[in-house]
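Structure file start.cif; described as mmCIF, C-alpha atoms.
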```
data_protein
loop_
_atom_site.group_PDB
_atom_site.id
_atom_site.type_symbol
_atom_site.label_atom_id
_atom_site.label_comp_id
_atom_site.auth_asym_id
_atom_site.auth_seq_id
_atom_site.Cartn_x
_atom_site.Cartn_y
_atom_site.Cartn_z
ATOM 1 C CA MET A 1 -49.768 -22.838 -0.893
ATOM 2 C CA ARG A 2 -52.730 -22.570 -3.269
ATOM 3 C CA GLY A 3 -53.637 -19.211 -1.783
ATOM 4 C CA LEU A 4 -50.084 -17.960 -2.292
ATOM 5 C CA VAL A 5 -50.116 -19.096 -5.932
ATOM 6 C CA ALA A 6 -53.478 -17.396 -6.450
ATOM 7 C CA VAL A 7 -52.205 -14.115 -4.975
ATOM 8 C CA LEU A 8 -49.034 -14.291 -7.118
ATOM 9 C CA LEU A 9 -51.057 -14.952 -10.272
ATOM 10 C CA ALA A 10 -53.372 -12.046 -9.430
ATOM 11 C CA VAL A 11 -50.408 -9.692 -8.917
ATOM 12 C CA ILE A 12 -48.732 -10.787 -12.174
ATOM 13 C CA THR A 13 -51.977 -10.479 -14.106
ATOM 14 C CA SER A 14 -52.667 -7.007 -12.785
ATOM 15 C CA MET A 15 -49.099 -5.981 -13.635
ATOM 16 C CA PHE A 16 -49.523 -7.217 -17.202
ATOM 17 C CA CYS A 17 -52.851 -5.430 -17.512
ATOM 18 C CA THR A 18 -51.288 -2.198 -16.253
ATOM 19 C CA VAL A 19 -48.372 -2.429 -18.659
ATOM 20 C CA VAL A 20 -50.688 -2.907 -21.639
ATOM 21 C CA THR A 21 -51.873 0.690 -21.294
ATOM 22 C CA TYR A 22 -48.297 1.946 -21.752
ATOM 23 C CA LEU A 23 -47.805 0.093 -25.059
ATOM 24 C CA PRO A 24 -47.609 2.327 -28.146
ATOM 25 C CA GLU A 25 -50.579 2.413 -30.428
ATOM 26 C CA ILE A 26 -50.434 0.355 -33.585
ATOM 27 C CA GLY A 27 -49.255 2.539 -36.446
ATOM 28 C CA ASP A 28 -47.815 5.248 -34.207
ATOM 29 C CA VAL A 29 -45.019 6.946 -36.178
ATOM 30 C CA ASP A 30 -43.071 8.009 -33.091
ATOM 31 C CA THR A 31 -42.200 4.496 -31.893
ATOM 32 C CA ALA A 32 -38.728 3.075 -32.346
ATOM 33 C CA PRO A 33 -39.574 0.347 -34.907
ATOM 34 C CA ASN A 34 -41.403 2.810 -37.121
ATOM 35 C CA GLN A 35 -38.634 5.389 -36.869
ATOM 36 C CA HIS A 36 -35.568 3.253 -37.593
ATOM 37 C CA VAL A 37 -36.222 -0.349 -38.578
ATOM 38 C CA THR A 38 -39.085 -0.125 -41.027
ATOM 39 C CA PRO A 39 -37.737 2.802 -43.102
ATOM 40 C CA THR A 40 -34.343 1.065 -43.261
ATOM 41 C CA TYR A 41 -35.898 -2.139 -44.509
ATOM 42 C CA ILE A 42 -37.967 -0.305 -47.105
ATOM 43 C CA SER A 43 -35.132 1.849 -48.423
ATOM 44 C CA ARG A 44 -32.227 -0.579 -48.245
ATOM 45 C CA SER A 45 -33.599 -4.111 -48.705
ATOM 46 C CA ALA A 46 -33.369 -4.075 -52.509
ATOM 47 C CA GLU A 47 -29.667 -3.265 -52.612
ATOM 48 C CA ASP A 48 -28.819 -5.240 -49.466
ATOM 49 C CA THR A 49 -30.560 -8.497 -50.280
ATOM 50 C CA GLY A 50 -30.902 -8.465 -54.062
ATOM 51 C CA SER A 51 -34.568 -9.266 -53.674
ATOM 52 C CA PRO A 52 -37.191 -6.826 -54.946
ATOM 53 C CA ASN A 53 -39.660 -8.388 -52.513
ATOM 54 C CA ILE A 54 -39.212 -6.776 -49.104
ATOM 55 C CA VAL A 55 -40.956 -9.607 -47.261
ATOM 56 C CA THR A 56 -38.598 -12.219 -48.701
ATOM 57 C CA GLY A 57 -35.639 -9.980 -47.928
ATOM 58 C CA VAL A 58 -36.683 -9.594 -44.314
ATOM 59 C CA ILE A 59 -37.662 -13.152 -43.465
ATOM 60 C CA ILE A 60 -34.776 -14.889 -45.236
ATOM 61 C CA ASP A 61 -31.942 -12.362 -45.226
ATOM 62 C CA TYR A 62 -32.304 -10.026 -42.250
ATOM 63 C CA ARG A 63 -34.095 -12.613 -40.113
ATOM 64 C CA GLY A 64 -32.578 -15.757 -41.632
ATOM 65 C CA PHE A 65 -31.716 -17.350 -38.306
ATOM 66 C CA ASP A 66 -35.314 -17.018 -37.171
ATOM 67 C CA THR A 67 -36.646 -18.665 -40.310
ATOM 68 C CA MET A 68 -34.141 -21.497 -39.953
ATOM 69 C CA TRP A 69 -35.535 -22.493 -36.572
ATOM 70 C CA GLU A 70 -39.049 -21.947 -37.865
ATOM 71 C CA THR A 71 -38.380 -24.565 -40.534
ATOM 72 C CA SER A 72 -36.793 -26.875 -37.984
ATOM 73 C CA VAL A 73 -39.758 -26.528 -35.652
ATOM 74 C CA MET A 74 -42.133 -27.358 -38.492
ATOM 75 C CA PHE A 75 -40.069 -30.402 -39.474
ATOM 76 C CA LEU A 76 -39.903 -31.665 -35.895
ATOM 77 C CA ALA A 77 -43.627 -31.065 -35.323
ATOM 78 C CA GLY A 78 -44.462 -33.026 -38.481
ATOM 79 C CA LEU A 79 -42.097 -35.819 -37.528
ATOM 80 C CA THR A 80 -43.553 -36.074 -34.018
ATOM 81 C CA THR A 81 -47.092 -36.159 -35.351
ATOM 82 C CA VAL A 82 -46.133 -38.941 -37.747
ATOM 83 C CA LEU A 83 -44.510 -40.909 -34.928
ATOM 84 C CA VAL A 84 -47.566 -40.514 -32.693
ATOM 85 C CA LEU A 85 -49.991 -41.429 -35.462
ATOM 86 C CA THR A 86 -48.088 -44.507 -36.615
ATOM 87 C CA SER A 87 -47.285 -45.898 -33.176
ATOM 88 C CA ASN A 88 -49.367 -48.875 -32.196
ATOM 89 C CA THR A 89 -49.907 -48.041 -28.547
ATOM 90 C CA VAL A 90 -50.797 -44.341 -28.285
ATOM 91 C CA GLY A 91 -54.467 -43.449 -28.397
ATOM 92 C CA ARG A 92 -55.791 -46.885 -29.188
ATOM 93 C CA ARG A 93 -58.522 -48.654 -27.281
ATOM 94 C CA PRO A 94 -57.178 -51.622 -25.333
ATOM 95 C CA GLU A 95 -57.996 -54.870 -27.034
ATOM 96 C CA GLU A 96 -61.147 -56.448 -25.690
ATOM 97 C CA GLU A 97 -60.521 -59.686 -23.903
ATOM 98 C CA PRO A 98 -62.167 -62.601 -25.644
ATOM 99 C CA GLU A 99 -65.216 -63.614 -23.713
ATOM 100 C CA ASP A 100 -65.298 -67.194 -22.700
ATOM 101 C CA PRO A 101 -68.873 -68.218 -21.860
ATOM 102 C CA ASP A 102 -67.839 -71.556 -20.426
ATOM 103 C CA GLU A 103 -65.554 -70.074 -17.791
ATOM 104 C CA GLY A 104 -68.337 -68.839 -15.518
ATOM 105 C CA GLU A 105 -70.164 -72.117 -15.621
ATOM 106 C CA VAL A 106 -67.091 -74.032 -14.533
ATOM 107 C CA ILE A 107 -66.833 -71.956 -11.388
ATOM 108 C CA LYS A 108 -70.497 -72.587 -10.638
ATOM 109 C CA MET B 1 -54.962 -46.127 -48.990
ATOM 110 C CA ARG B 2 -54.376 -49.373 -50.781
ATOM 111 C CA GLU B 3 -57.314 -48.902 -53.117
ATOM 112 C CA PRO B 4 -57.584 -45.565 -54.920
ATOM 113 C CA PHE B 5 -61.022 -44.013 -55.086
ATOM 114 C CA GLY B 6 -60.655 -42.548 -58.570
ATOM 115 C CA GLY B 7 -63.142 -43.507 -61.214
ATOM 116 C CA LEU B 8 -62.828 -42.706 -64.895
ATOM 117 C CA ILE B 9 -63.923 -39.067 -64.594
ATOM 118 C CA LEU B 10 -61.705 -38.232 -61.614
ATOM 119 C CA ASN B 11 -58.800 -40.022 -63.249
ATOM 120 C CA ILE B 12 -59.006 -37.994 -66.464
ATOM 121 C CA ALA B 13 -59.745 -34.688 -64.704
ATOM 122 C CA PHE B 14 -56.867 -34.913 -62.256
ATOM 123 C CA ARG B 15 -54.529 -36.205 -64.951
ATOM 124 C CA MET B 16 -54.895 -32.718 -66.399
ATOM 125 C CA LEU B 17 -54.686 -30.926 -63.052
ATOM 126 C CA VAL B 18 -51.628 -32.503 -61.466
ATOM 127 C CA PRO B 19 -48.917 -31.265 -63.884
ATOM 128 C CA PHE B 20 -50.271 -27.729 -63.758
ATOM 129 C CA THR B 21 -50.267 -27.775 -59.959
ATOM 130 C CA ILE B 22 -46.658 -28.925 -59.849
ATOM 131 C CA VAL B 23 -45.537 -26.406 -62.471
ATOM 132 C CA TYR B 24 -47.318 -23.639 -60.549
ATOM 133 C CA GLY B 25 -45.561 -24.776 -57.377
ATOM 134 C CA ILE B 26 -42.171 -24.507 -59.080
ATOM 135 C CA TYR B 27 -43.180 -21.092 -60.460
ATOM 136 C CA VAL B 28 -44.077 -19.843 -56.987
ATOM 137 C CA LEU B 29 -40.783 -21.226 -55.678
ATOM 138 C CA CYS B 30 -38.638 -19.527 -58.317
ATOM 139 C CA LEU B 31 -40.594 -16.247 -58.377
ATOM 140 C CA GLY B 32 -40.950 -16.011 -54.599
ATOM 141 C CA GLU B 33 -38.007 -13.688 -54.604
ATOM 142 C CA PHE B 34 -39.734 -11.185 -56.874
ATOM 143 C CA SER B 35 -43.408 -11.548 -56.066
ATOM 144 C CA PRO B 36 -45.611 -12.803 -53.243
ATOM 145 C CA GLY B 37 -44.819 -16.426 -52.624
ATOM 146 C CA GLY B 38 -41.832 -18.367 -51.442
ATOM 147 C CA GLY B 39 -40.744 -21.635 -49.958
ATOM 148 C CA PHE B 40 -43.668 -22.398 -47.685
ATOM 149 C CA GLN B 41 -46.362 -21.777 -50.277
ATOM 150 C CA ALA B 42 -44.427 -23.605 -52.985
ATOM 151 C CA GLY B 43 -44.027 -26.617 -50.733
ATOM 152 C CA ALA B 44 -47.757 -26.742 -50.057
ATOM 153 C CA LEU B 45 -48.552 -26.551 -53.793
ATOM 154 C CA LEU B 46 -46.052 -29.279 -54.709
ATOM 155 C CA SER B 47 -47.397 -31.571 -52.014
ATOM 156 C CA VAL B 48 -50.935 -31.010 -53.307
ATOM 157 C CA GLY B 49 -49.760 -32.231 -56.718
ATOM 158 C CA VAL B 50 -48.247 -35.376 -55.274
ATOM 159 C CA LEU B 51 -51.206 -36.098 -52.979
ATOM 160 C CA LEU B 52 -53.799 -35.610 -55.731
ATOM 161 C CA SER B 53 -52.066 -38.104 -57.985
ATOM 162 C CA ARG B 54 -51.751 -40.558 -55.140
ATOM 163 C CA MET B 55 -55.379 -40.244 -54.060
ATOM 164 C CA ILE B 56 -56.600 -40.953 -57.566
ATOM 165 C CA MET B 57 -54.105 -43.570 -58.681
ATOM 166 C CA GLY B 58 -53.168 -45.188 -55.352
ATOM 167 C CA GLU B 59 -49.716 -46.667 -54.978
ATOM 168 C CA ASN B 60 -49.149 -46.801 -58.742
ATOM 169 C CA ALA B 61 -49.064 -43.018 -59.119
ATOM 170 C CA LYS B 62 -46.241 -41.549 -61.196
ATOM 171 C CA PHE B 63 -45.467 -38.748 -58.716
ATOM 172 C CA ASN B 64 -45.635 -40.974 -55.672
ATOM 173 C CA VAL B 65 -43.127 -40.512 -52.865
ATOM 174 C CA ALA B 66 -42.868 -43.603 -50.718
ATOM 175 C CA GLY B 67 -43.204 -43.392 -46.930
ATOM 176 C CA LYS B 68 -39.598 -43.584 -45.747
ATOM 177 C CA THR B 69 -38.265 -41.470 -48.608
ATOM 178 C CA SER B 70 -40.490 -38.558 -47.641
ATOM 179 C CA VAL B 71 -39.295 -38.639 -44.031
ATOM 180 C CA VAL B 72 -35.680 -38.589 -45.197
ATOM 181 C CA LEU B 73 -36.336 -35.815 -47.723
ATOM 182 C CA ALA B 74 -38.020 -33.624 -45.092
ATOM 183 C CA GLY B 75 -34.813 -33.797 -43.095
ATOM 184 C CA VAL B 76 -32.781 -33.116 -46.233
ATOM 185 C CA GLY B 77 -34.800 -29.941 -46.855
ATOM 186 C CA THR B 78 -34.099 -28.670 -43.350
ATOM 187 C CA PHE B 79 -30.461 -29.605 -43.775
ATOM 188 C CA LEU B 80 -30.236 -27.649 -47.028
ATOM 189 C CA TYR B 81 -31.186 -24.490 -45.142
ATOM 190 C CA THR B 82 -28.521 -25.070 -42.501
ATOM 191 C CA PHE B 83 -26.018 -26.082 -45.168
ATOM 192 C CA THR B 84 -26.416 -22.670 -46.807
ATOM 193 C CA GLY B 85 -25.404 -21.168 -43.474
ATOM 194 C CA TRP B 86 -22.384 -23.459 -43.387
ATOM 195 C CA LEU B 87 -21.428 -22.433 -46.933
ATOM 196 C CA THR B 88 -20.988 -18.861 -45.743
ATOM 197 C CA LEU B 89 -18.815 -20.206 -42.911
ATOM 198 C CA PHE B 90 -16.608 -21.898 -45.519
ATOM 199 C CA GLY B 91 -16.425 -18.623 -47.418
ATOM 200 C CA GLY B 92 -14.972 -16.869 -44.394
ATOM 201 C CA GLY B 93 -18.039 -15.116 -43.003
ATOM 202 C CA ARG B 94 -20.364 -15.754 -40.121
ATOM 203 C CA PHE B 95 -23.329 -18.117 -40.064
ATOM 204 C CA LEU B 96 -25.903 -17.067 -42.704
ATOM 205 C CA GLU B 97 -23.863 -13.992 -43.685
ATOM 206 C CA TYR B 98 -24.552 -14.100 -47.376
ATOM 207 C CA ASP B 99 -21.799 -11.674 -48.380
ATOM 208 C CA PHE B 100 -19.366 -14.561 -48.031
ATOM 209 C CA MET B 101 -20.904 -17.220 -50.245
ATOM 210 C CA PRO B 102 -18.073 -19.345 -51.714
ATOM 211 C CA ILE B 103 -19.072 -18.602 -55.321
ATOM 212 C CA HIS B 104 -18.181 -14.996 -55.931
ATOM 213 C CA MET B 105 -20.479 -12.815 -58.035
ATOM 214 C CA GLU B 106 -19.742 -9.194 -58.719
ATOM 215 C CA PRO B 107 -22.701 -7.141 -57.517
ATOM 216 C CA MET B 108 -22.830 -8.152 -53.888
ATOM 217 C CA HIS B 109 -26.555 -8.685 -53.810
ATOM 218 C CA GLU B 110 -26.360 -11.414 -56.476
ATOM 219 C CA MET B 111 -24.832 -13.702 -53.859
ATOM 220 C CA HIS B 112 -27.649 -12.801 -51.492
ATOM 221 C CA ALA B 113 -30.157 -13.730 -54.195
ATOM 222 C CA MET B 114 -28.453 -17.086 -54.755
ATOM 223 C CA ALA B 115 -28.435 -17.872 -51.041
ATOM 224 C CA ILE B 116 -32.100 -16.879 -50.736
ATOM 225 C CA PHE B 117 -32.973 -19.216 -53.603
ATOM 226 C CA LEU B 118 -31.056 -22.127 -52.025
ATOM 227 C CA ILE B 119 -32.816 -21.541 -48.735
ATOM 228 C CA GLU B 120 -36.228 -21.387 -50.378
ATOM 229 C CA ILE B 121 -35.576 -24.704 -52.112
ATOM 230 C CA GLY B 122 -34.765 -26.198 -48.709
ATOM 231 C CA VAL B 123 -37.889 -24.771 -47.107
ATOM 232 C CA ALA B 124 -40.072 -25.948 -50.001
ATOM 233 C CA VAL B 125 -38.727 -29.507 -49.850
ATOM 234 C CA CYS B 126 -39.201 -29.597 -46.083
ATOM 235 C CA VAL B 127 -42.791 -28.329 -46.203
ATOM 236 C CA MET B 128 -43.746 -30.574 -49.116
ATOM 237 C CA MET B 129 -42.369 -33.741 -47.541
ATOM 238 C CA THR B 130 -43.807 -32.920 -44.102
ATOM 239 C CA ILE B 131 -47.304 -32.601 -45.561
ATOM 240 C CA ILE B 132 -46.851 -35.871 -47.464
ATOM 241 C CA ASN B 133 -45.601 -37.482 -44.234
ATOM 242 C CA LEU B 134 -48.720 -36.420 -42.334
ATOM 243 C CA MET B 135 -51.006 -37.688 -45.101
ATOM 244 C CA ASP B 136 -49.055 -40.968 -45.185
ATOM 245 C CA ALA B 137 -49.419 -41.463 -41.451
ATOM 246 C CA ILE B 138 -53.163 -40.775 -41.483
ATOM 247 C CA ILE B 139 -53.714 -43.072 -44.459
ATOM 248 C CA LYS B 140 -51.665 -45.847 -42.877
ATOM 249 C CA ARG B 141 -53.600 -45.563 -39.630
ATOM 250 C CA GLY B 142 -56.907 -45.684 -41.503
ATOM 251 C CA ASP B 143 -55.784 -48.806 -43.338
ATOM 252 C CA GLU B 144 -54.848 -50.520 -40.094
ATOM 253 C CA ASP B 145 -58.140 -49.628 -38.431
ATOM 254 C CA GLY B 146 -60.080 -50.834 -41.443
ATOM 255 C CA SER B 147 -58.272 -54.150 -41.636
ATOM 256 C CA SER B 148 -58.713 -54.922 -37.938
ATOM 257 C CA LYS B 149 -62.497 -54.902 -38.197
#
```
Please lay out the structure from this file as structure tokens.
Amino acid sequence: MRGLVAVLLAVITSMFCTVVTYLPEIGDVDTAPNQHVTPTYISRSAEDTGSPNIVTGVIIDYRGFDTMWETSVMFLAGLTTVLVLTSNTVGRRPEEEPEDPDEGEVIK
Amino acid sequence: MREPFGGLILNIAFRMLVPFTIVYGIYVLCLGEFSPGGGFQAGALLSVGVLLSRMIMGENAKFNVAGKTSVVLAGVGTFLYTFTGWLTLFGGGRFLEYDFMPIHMEPMHEMHAMAIFLIEIGVAVCVMMTIINLMDAIIKRGDEDGSSK
């Protein structure tokens, strides 16, 4: 079983490594995002979103659903951290049992 | 942090600093639409204002937000974002489709700007209260550890 998992992981890793060479270079003007999406955002975001700031227009207007879950994830992560930090049982050392020096002598 | 660590010098220095920090946070929030900035950064700045005043003055600080209130307000900030999406549903559009905000304004992108501002307020409140929450939890834990010794 472990050998099978190792072979599968090796195959998947080599496939990923092969695919990386086919990725477009960063800043290549012939790729699809640079040909359609980016020029559209730059030319139309002011009149579409009413925001002179393109970044704000993209993250809140064009990609508003994404930012909504981003905020939710941040809220939930903060809430979980608070719950873990304020709970009395997680991550604490167990209380040391009070040593009773007389106990051993009684057994003797 | 039951006992603040501020002496006379820190008290007077931060008394000057805190209002400017909060005003700058509100500036970044309102101008995030036009310049670099926005909800996340504004929330961090506002929380710095609250935390500075609390660290110097302890529980008696003017800008203090108590523990349970900040948890509730973090949820309210997230809800405000979602509520803006619901507002466009009430206006007849799809979720987060800002053309259909219930209050009609004539150039179409004015409604977009209003929705973006509402959303940024929500994000700022959420970020601010989450940071205060984390600080609260760490301080509370430190107090408990200190008292058990």
Between B:Ile131, B:Thr78, B:His109, B:Glu33, which one has atoms that come closest to A:Val73, using only C-alpha atoms? B:Thr78
Contact set, chain B to chain A: 6 Å, all atoms listed in the file, as a PyMOL selection string: chain B and resi 33-34+109-110+112-113+130+134+137
Polymer residues at most 10 Å from (-31.6, -30.3, -44.6) by only C-alpha atoms, as a PyMOL selection string: (chain A and resi 71-72+75) or (chain B and resi 72-84+119+122-123+125-126)
Separation of atom CA of B:Leu46 from atom CA of B:Ile116, in Å and rounded to one decimal: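 These two atoms are separated by 19.1 Å.
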At what distance in Å, to one decimal, does atom CA of B:Val50 lie from atom CA of B:Lys62?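 Distance between the two atoms: 8.8 Å.
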Could you state the separation of atom CA of B:Glu106 and atom CA of B:Gly91 in Å, given to one decimal place?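 Separation of atom CA of B:Glu106 and atom CA of B:Gly91: 15.1 Å.
The residues caught by the PyMOL selection byres ((chain B and resi 14-28) around 9) in this file are Ile9, Leu10, Asn11, Ile12, Ala13, Leu29, Cys30, Leu31, Gly32, Glu33, Ser35, Pro36, Gly37, Gly38, Gly39, Gln41, Ala42, Gly43, Ala44, Leu45, Leu46, Ser47, Val48, Gly49, Val50, Leu52, Ser53 and Ile56 of chain B.
The residue that comes closest to B:Pro102, out of B:Thr88, B:Glu144, B:Ala115, B:Phe63 and on the basis of all atoms listed in the file, is B:Thr88.
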Any chance you could model N, CA and C atoms for stretch 77-92 of chain B and send them as a PDB file, keeping the file's coordinate frame?
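Written output follows (result.pdb):
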```
ATOM      1  N   GLY B  77     -34.411 -31.322 -46.612  1.00  0.00           N
ATOM      2  CA  GLY B  77     -34.800 -29.941 -46.855  1.00  0.00           C
ATOM      3  C   GLY B  77     -34.350 -29.027 -45.730  1.00  0.00           C
ATOM      4  N   THR B  78     -34.552 -29.483 -44.481  1.00  0.00           N
ATOM      5  CA  THR B  78     -34.099 -28.670 -43.350  1.00  0.00           C
ATOM      6  C   THR B  78     -32.581 -28.544 -43.356  1.00  0.00           C
ATOM      7  N   PHE B  79     -31.919 -29.639 -43.744  1.00  0.00           N
ATOM      8  CA  PHE B  79     -30.461 -29.605 -43.775  1.00  0.00           C
ATOM      9  C   PHE B  79     -29.957 -28.633 -44.831  1.00  0.00           C
ATOM     10  N   LEU B  80     -30.683 -28.532 -45.948  1.00  0.00           N
ATOM     11  CA  LEU B  80     -30.236 -27.649 -47.028  1.00  0.00           C
ATOM     12  C   LEU B  80     -30.199 -26.199 -46.550  1.00  0.00           C
ATOM     13  N   TYR B  81     -31.175 -25.839 -45.722  1.00  0.00           N
ATOM     14  CA  TYR B  81     -31.186 -24.490 -45.142  1.00  0.00           C
ATOM     15  C   TYR B  81     -29.926 -24.277 -44.311  1.00  0.00           C
ATOM     16  N   THR B  82     -29.671 -25.212 -43.385  1.00  0.00           N
ATOM     17  CA  THR B  82     -28.521 -25.070 -42.501  1.00  0.00           C
ATOM     18  C   THR B  82     -27.218 -25.117 -43.286  1.00  0.00           C
ATOM     19  N   PHE B  83     -27.218 -25.944 -44.357  1.00  0.00           N
ATOM     20  CA  PHE B  83     -26.018 -26.082 -45.168  1.00  0.00           C
ATOM     21  C   PHE B  83     -25.667 -24.768 -45.854  1.00  0.00           C
ATOM     22  N   THR B  84     -26.696 -23.990 -46.224  1.00  0.00           N
ATOM     23  CA  THR B  84     -26.416 -22.670 -46.807  1.00  0.00           C
ATOM     24  C   THR B  84     -25.702 -21.785 -45.795  1.00  0.00           C
ATOM     25  N   GLY B  85     -26.114 -21.905 -44.513  1.00  0.00           N
ATOM     26  CA  GLY B  85     -25.404 -21.168 -43.474  1.00  0.00           C
ATOM     27  C   GLY B  85     -23.955 -21.620 -43.347  1.00  0.00           C
ATOM     28  N   TRP B  86     -23.751 -22.948 -43.476  1.00  0.00           N
ATOM     29  CA  TRP B  86     -22.384 -23.459 -43.387  1.00  0.00           C
ATOM     30  C   TRP B  86     -21.532 -23.003 -44.572  1.00  0.00           C
ATOM     31  N   LEU B  87     -22.166 -22.881 -45.753  1.00  0.00           N
ATOM     32  CA  LEU B  87     -21.428 -22.433 -46.933  1.00  0.00           C
ATOM     33  C   LEU B  87     -20.810 -21.063 -46.691  1.00  0.00           C
ATOM     34  N   THR B  88     -21.566 -20.180 -46.023  1.00  0.00           N
ATOM     35  CA  THR B  88     -20.988 -18.861 -45.743  1.00  0.00           C
ATOM     36  C   THR B  88     -19.874 -18.977 -44.711  1.00  0.00           C
ATOM     37  N   LEU B  89     -19.940 -19.980 -43.829  1.00  0.00           N
ATOM     38  CA  LEU B  89     -18.815 -20.206 -42.911  1.00  0.00           C
ATOM     39  C   LEU B  89     -17.578 -20.594 -43.694  1.00  0.00           C
ATOM     40  N   PHE B  90     -17.750 -21.472 -44.707  1.00  0.00           N
ATOM     41  CA  PHE B  90     -16.608 -21.898 -45.519  1.00  0.00           C
ATOM     42  C   PHE B  90     -16.039 -20.726 -46.307  1.00  0.00           C
ATOM     43  N   GLY B  91     -16.900 -19.779 -46.666  1.00  0.00           N
ATOM     44  CA  GLY B  91     -16.425 -18.623 -47.418  1.00  0.00           C
ATOM     45  C   GLY B  91     -15.730 -17.583 -46.559  1.00  0.00           C
ATOM     46  N   GLY B  92     -15.712 -17.784 -45.249  1.00  0.00           N
ATOM     47  CA  GLY B  92     -14.972 -16.869 -44.394  1.00  0.00           C
ATOM     48  C   GLY B  92     -15.845 -15.918 -43.610  1.00  0.00           C
TER      49      GLY B  92
END
```
